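Asker: Take a look at this one; I'll ask things after.
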Amino acid sequence: MGLIDRIKAWGGSPEGGVQPRSPLERELIERLQDALPDPSRAGEPMRFRMRFTGLVQGVGFRWTNMGLARERGLTGWVRNLDDGSVEMEIQGTPGGLIVHLDRLHDSYRRYGNRIWLEEAERIEPVDGEDEFDARY
């Protein structure tokens, strides 16, 4: 796929427009912002099961998520699915999760990859988990 084809598939502009987010991702970020604690508290961890589509396999998506999550002290896992999508469970503070999603988009914006959050379900946090891993 050439550069122009990637830009058309992405829906952005070569002038550096912001990579679009799915309506679900925008809604999730709003919910996370509403859950941000006051500055005097650390915040309770939240966990989400997510599924991403777009150009998310064969581009280091699992490894990028793993590196970004570990930098922020987030826990969970990410794996490729047979249908070409990627599933992830991620746990951390609301602010940490927002930063993770922002940094993920920043990482792939320069390539024109479309990352689309298709599903996001809040699930119970996992006690004692201390790492973020790529699964196979």
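Chain lettering (A, B, ...) mirrors the order of the structure tokens, residue numbering begins at 1 for each chain separately, and ligand numbering begins at 1 in order of display.
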Could you pull out all residues of region 3-124 of chain A with a DSSP call of strand (DSSP E) and give them as a count of residues only?
Answerer: 31
Asker: Out of chain A, which residues get helix (DSSP H, G or I) from DSSP, as a ChimeraX atom specification?
Answerer: /A:3-10,23-34,61-72,94-109
Asker: Take the residues from that selection and put them in a file with C-alpha atoms, as a short mmCIF file (atom, residue, chain, number, x, y, z; two decimals), in the first residue's frame.
Answerer:
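Wrote it out as part-v6.cif, contents follow:
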data_model
loop_
_atom_site.label_atom_id
_atom_site.label_comp_id
_atom_site.auth_asym_id
_atom_site.auth_seq_id
_atom_site.Cartn_x
_atom_site.Cartn_y
_atom_site.Cartn_z
CA LEU A 3 1.52 6.53 1.03
CA ILE A 4 -1.50 8.09 -0.71
CA ASP A 5 -3.53 4.88 -0.23
CA ARG A 6 -2.67 4.87 3.49
CA ILE A 7 -3.71 8.49 3.85
CA LYS A 8 -7.04 7.80 2.12
CA ALA A 9 -7.67 4.72 4.29
CA TRP A 10 -6.72 6.72 7.38
CA PRO A 23 -16.67 7.15 18.71
CA LEU A 24 -16.30 4.39 21.32
CA GLU A 25 -12.75 5.48 22.14
CA ARG A 26 -13.78 9.14 22.47
CA GLU A 27 -16.60 8.06 24.83
CA LEU A 28 -14.23 5.88 26.85
CA ILE A 29 -11.75 8.74 27.27
CA GLU A 30 -14.57 11.01 28.49
CA ARG A 31 -15.58 8.36 31.04
CA LEU A 32 -11.98 8.02 32.19
CA GLN A 33 -11.62 11.79 32.52
CA ASP A 34 -14.77 11.85 34.66
CA PHE A 61 1.16 -3.25 17.79
CA ARG A 62 1.52 -5.79 20.60
CA TRP A 63 5.10 -4.74 21.33
CA THR A 64 4.22 -1.04 21.21
CA ASN A 65 1.38 -1.58 23.69
CA MET A 66 3.65 -3.62 25.93
CA GLY A 67 6.37 -0.95 25.97
CA LEU A 68 3.95 1.93 26.55
CA ALA A 69 2.08 0.06 29.30
CA ARG A 70 5.27 -0.89 31.11
CA GLU A 71 6.52 2.72 30.98
CA ARG A 72 3.37 3.79 32.84
CA PRO A 94 -7.82 6.49 34.67
CA GLY A 95 -5.06 8.99 33.92
CA GLY A 96 -2.61 6.22 33.03
CA LEU A 97 -5.12 4.64 30.66
CA ILE A 98 -5.80 7.96 28.92
CA VAL A 99 -2.07 8.59 28.46
CA HIS A 100 -1.64 5.04 27.12
CA LEU A 101 -4.31 5.55 24.43
CA ASP A 102 -2.88 8.96 23.52
CA ARG A 103 0.67 7.60 23.22
CA LEU A 104 -0.54 4.61 21.22
CA HIS A 105 -2.12 6.92 18.64
CA ASP A 106 0.98 9.15 18.64
CA SER A 107 3.14 6.08 17.90
CA TYR A 108 1.16 5.10 14.80
CA ARG A 109 0.15 8.54 13.50
#
Asker: Could I get the residues of region 14-88 of chain A with an atom no further than 12 Å from an atom of region 111-129 of chain A, each paired with its nearest atom pair and that distance in Å to one decimal, using only C-alpha atoms, sorted by chain and residue number, as a Markdown table?
Answerer:
| residue | atom | partner | partner_atom | distance |
| --- | --- | --- | --- | --- |
| A:Pro14 | CA | A:Gly112 | CA | 9.3 |
| A:Glu15 | CA | A:Gly112 | CA | 11.9 |
| A:Gly16 | CA | A:Gly112 | CA | 9.9 |
| A:Gly17 | CA | A:Gly112 | CA | 10.3 |
| A:Val18 | CA | A:Gly112 | CA | 10.0 |
| A:Gln19 | CA | A:Arg114 | CA | 7.3 |
| A:Pro20 | CA | A:Arg114 | CA | 7.8 |
| A:Arg21 | CA | A:Trp116 | CA | 6.4 |
| A:Ser22 | CA | A:Trp116 | CA | 5.5 |
| A:Pro23 | CA | A:Leu117 | CA | 8.3 |
| A:Leu24 | CA | A:Leu117 | CA | 6.5 |
| A:Glu25 | CA | A:Leu117 | CA | 5.8 |
| A:Arg26 | CA | A:Leu117 | CA | 9.4 |
| A:Glu27 | CA | A:Ala120 | CA | 10.1 |
| A:Leu28 | CA | A:Ala120 | CA | 7.8 |
| A:Ile29 | CA | A:Ala120 | CA | 11.0 |
| A:Arg31 | CA | A:Arg122 | CA | 10.9 |
| A:Leu32 | CA | A:Arg122 | CA | 10.9 |
| A:Glu44 | CA | A:Pro125 | CA | 9.6 |
| A:Pro45 | CA | A:Pro125 | CA | 6.9 |
| A:Met46 | CA | A:Pro125 | CA | 6.0 |
| A:Arg47 | CA | A:Pro125 | CA | 5.1 |
| A:Phe48 | CA | A:Arg122 | CA | 4.4 |
| A:Arg49 | CA | A:Glu121 | CA | 5.2 |
| A:Met50 | CA | A:Ala120 | CA | 4.4 |
| A:Arg51 | CA | A:Glu119 | CA | 5.1 |
| A:Phe52 | CA | A:Leu117 | CA | 4.6 |
| A:Thr53 | CA | A:Trp116 | CA | 5.2 |
| A:Gly54 | CA | A:Ile115 | CA | 5.1 |
| A:Leu55 | CA | A:Asn113 | CA | 5.6 |
| A:Val56 | CA | A:Ile115 | CA | 6.7 |
| A:Gln57 | CA | A:Ile115 | CA | 10.5 |
| A:Gly58 | CA | A:Asn113 | CA | 11.4 |
| A:Val59 | CA | A:Asn113 | CA | 9.0 |
| A:Gly60 | CA | A:Asn113 | CA | 11.5 |
| A:Phe61 | CA | A:Ile115 | CA | 9.6 |
| A:Gly73 | CA | A:Glu129 | CA | 10.8 |
| A:Leu74 | CA | A:Glu129 | CA | 9.5 |
| A:Thr75 | CA | A:Glu129 | CA | 6.5 |
| A:Gly76 | CA | A:Glu129 | CA | 7.4 |
| A:Trp77 | CA | A:Glu129 | CA | 10.4 |
| A:Ser85 | CA | A:Glu118 | CA | 9.3 |
| A:Val86 | CA | A:Leu117 | CA | 9.7 |
| A:Glu87 | CA | A:Glu119 | CA | 9.1 |
| A:Met88 | CA | A:Ala120 | CA | 9.4 |
Asker: Name the closest residue to Asp130 (chain A) among the candidates A:Arg110, A:Arg79, A:Gln91, A:Ala35; distances are taken between atoms, counting only C-alpha atoms.
Answerer: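 Closest candidate: A:Gln91.
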